[in-house]
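Following: one structure in structure tokens, then a few remarks.
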Amino acid sequence: MVKIKSASQIDANYKNAIGRVPAAYKTGVQNTSDWQEKASSEAAENLWQQKIAEAAAAKRRQKAVSQVSNAEWQNRAANTGAARIGQGMTANADKRTRNFEPYRSAIEGVSLPAKSADPMANIDQRVKPVVSALVETKKSIKG
């Protein structure tokens, strides 16, 4: 028989770690100097592709999603997500501005004809050029 701590002891250890883990996590992050080099390497990309393919083949996402009820998802999204979203938006406002600027410029650069009475023609002449500009911008940024 394998000796393992009781569920209550494991739970207590987990809860006791909550106070010290954020600082240890931050220290670990700050002590990392080569994250981008390692994360962007061919080996890392190949490993990521392999693991994504394995997860997709095993339908891990589908299995995990099916284990969460709509009520549980809704409760966590509404309560936890709503409490965190403003802080995340505030912390990333500059990044959003920087990342969206190429798309904003692309939209601004599209010349549109006047609206017509035909809604389908408006889609072809006014919506599709905007979508095309956004797609081309994304391709040029993402590669």
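By convention in this document, the chains of the structure tokens carry letters A, B, ... by their order, each chain's residues are numbered from 1, and ligands are numbered from 1 in the order they are shown.
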Selection near range 108-121 of chain A, 12 Å with only C-alpha atoms, sequence-local residues under 3 positions removed, as a PyMOL selection string:
chain A and resi 101-105+124-134+137
Output of the above residues as a PDB file, in the first residue's frame, restricted to N, CA, C and O atoms:
ATOM      1  N   GLU A 101      -3.677  49.255 -32.415  1.00  0.00           N
ATOM      2  CA  GLU A 101      -3.358  50.373 -33.309  1.00  0.00           C
ATOM      3  C   GLU A 101      -3.201  49.955 -34.770  1.00  0.00           C
ATOM      4  O   GLU A 101      -3.727  50.645 -35.655  1.00  0.00           O
ATOM      5  N   PRO A 102      -2.528  48.850 -35.105  1.00  0.00           N
ATOM      6  CA  PRO A 102      -2.448  48.467 -36.521  1.00  0.00           C
ATOM      7  C   PRO A 102      -3.823  48.217 -37.150  1.00  0.00           C
ATOM      8  O   PRO A 102      -4.052  48.549 -38.314  1.00  0.00           O
ATOM      9  N   TYR A 103      -4.739  47.661 -36.382  1.00  0.00           N
ATOM     10  CA  TYR A 103      -6.082  47.392 -36.891  1.00  0.00           C
ATOM     11  C   TYR A 103      -6.875  48.693 -37.042  1.00  0.00           C
ATOM     12  O   TYR A 103      -7.602  48.882 -38.013  1.00  0.00           O
ATOM     13  N   ARG A 104      -6.725  49.583 -36.072  1.00  0.00           N
ATOM     14  CA  ARG A 104      -7.402  50.875 -36.154  1.00  0.00           C
ATOM     15  C   ARG A 104      -6.928  51.633 -37.380  1.00  0.00           C
ATOM     16  O   ARG A 104      -7.716  52.187 -38.139  1.00  0.00           O
ATOM     17  N   SER A 105      -5.607  51.610 -37.610  1.00  0.00           N
ATOM     18  CA  SER A 105      -5.046  52.281 -38.785  1.00  0.00           C
ATOM     19  C   SER A 105      -5.541  51.655 -40.081  1.00  0.00           C
ATOM     20  O   SER A 105      -5.813  52.359 -41.054  1.00  0.00           O
ATOM     21  N   ASP A 124     -21.117  44.001 -49.672  1.00  0.00           N
ATOM     22  CA  ASP A 124     -20.007  43.800 -50.610  1.00  0.00           C
ATOM     23  C   ASP A 124     -19.096  45.012 -50.706  1.00  0.00           C
ATOM     24  O   ASP A 124     -17.871  44.875 -50.750  1.00  0.00           O
ATOM     25  N   GLN A 125     -19.676  46.191 -50.738  1.00  0.00           N
ATOM     26  CA  GLN A 125     -18.894  47.398 -51.003  1.00  0.00           C
ATOM     27  C   GLN A 125     -18.376  48.097 -49.744  1.00  0.00           C
ATOM     28  O   GLN A 125     -17.424  48.871 -49.824  1.00  0.00           O
ATOM     29  N   ARG A 126     -19.005  47.846 -48.578  1.00  0.00           N
ATOM     30  CA  ARG A 126     -18.614  48.589 -47.384  1.00  0.00           C
ATOM     31  C   ARG A 126     -18.104  47.687 -46.254  1.00  0.00           C
ATOM     32  O   ARG A 126     -17.195  48.069 -45.534  1.00  0.00           O
ATOM     33  N   VAL A 127     -18.676  46.515 -46.098  1.00  0.00           N
ATOM     34  CA  VAL A 127     -18.253  45.628 -45.017  1.00  0.00           C
ATOM     35  C   VAL A 127     -17.045  44.790 -45.435  1.00  0.00           C
ATOM     36  O   VAL A 127     -16.049  44.711 -44.705  1.00  0.00           O
ATOM     37  N   LYS A 128     -17.124  44.179 -46.596  1.00  0.00           N
ATOM     38  CA  LYS A 128     -16.039  43.291 -47.034  1.00  0.00           C
ATOM     39  C   LYS A 128     -14.685  43.992 -47.142  1.00  0.00           C
ATOM     40  O   LYS A 128     -13.669  43.400 -46.768  1.00  0.00           O
ATOM     41  N   PRO A 129     -14.610  45.241 -47.613  1.00  0.00           N
ATOM     42  CA  PRO A 129     -13.299  45.897 -47.635  1.00  0.00           C
ATOM     43  C   PRO A 129     -12.704  46.093 -46.235  1.00  0.00           C
ATOM     44  O   PRO A 129     -11.492  45.979 -46.045  1.00  0.00           O
ATOM     45  N   VAL A 130     -13.551  46.354 -45.249  1.00  0.00           N
ATOM     46  CA  VAL A 130     -13.066  46.502 -43.874  1.00  0.00           C
ATOM     47  C   VAL A 130     -12.561  45.151 -43.361  1.00  0.00           C
ATOM     48  O   VAL A 130     -11.469  45.060 -42.790  1.00  0.00           O
ATOM     49  N   VAL A 131     -13.333  44.106 -43.573  1.00  0.00           N
ATOM     50  CA  VAL A 131     -12.933  42.771 -43.143  1.00  0.00           C
ATOM     51  C   VAL A 131     -11.633  42.371 -43.829  1.00  0.00           C
ATOM     52  O   VAL A 131     -10.708  41.845 -43.200  1.00  0.00           O
ATOM     53  N   SER A 132     -11.522  42.627 -45.111  1.00  0.00           N
ATOM     54  CA  SER A 132     -10.310  42.300 -45.857  1.00  0.00           C
ATOM     55  C   SER A 132      -9.097  43.035 -45.288  1.00  0.00           C
ATOM     56  O   SER A 132      -8.030  42.440 -45.122  1.00  0.00           O
ATOM     57  N   ALA A 133      -9.263  44.306 -44.976  1.00  0.00           N
ATOM     58  CA  ALA A 133      -8.156  45.077 -44.400  1.00  0.00           C
ATOM     59  C   ALA A 133      -7.740  44.501 -43.052  1.00  0.00           C
ATOM     60  O   ALA A 133      -6.542  44.412 -42.749  1.00  0.00           O
ATOM     61  N   LEU A 134      -8.705  44.079 -42.249  1.00  0.00           N
ATOM     62  CA  LEU A 134      -8.388  43.497 -40.940  1.00  0.00           C
ATOM     63  C   LEU A 134      -7.678  42.151 -41.083  1.00  0.00           C
ATOM     64  O   LEU A 134      -6.709  41.874 -40.382  1.00  0.00           O
ATOM     65  N   THR A 137      -4.150  42.755 -42.251  1.00  0.00           N
ATOM     66  CA  THR A 137      -3.353  43.294 -41.144  1.00  0.00           C
ATOM     67  C   THR A 137      -2.949  42.171 -40.200  1.00  0.00           C
ATOM     68  O   THR A 137      -1.797  42.092 -39.780  1.00  0.00           O
TER      69      THR A 137
END
Could you go through range 11-81 of chain A and tell me which residues DSSP, when run on the backbone, assigns to alpha helix (DSSP H), listing them as a ChimeraX atom specification?
/A:11-17,21-30,35-39,42-57,60-66,70-76
So how far away is CA of Gly143 in chain A from CA of Lys95 in chain A, in Å?
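Here the two named atoms are 19.5 Å from each other.
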Separation of CA of Lys59 in chain A from CA of Glu72 in chain A, in Å and rounded to one decimal
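Separation between CA of Lys59 in chain A and CA of Glu72 in chain A: 21.1 Å.
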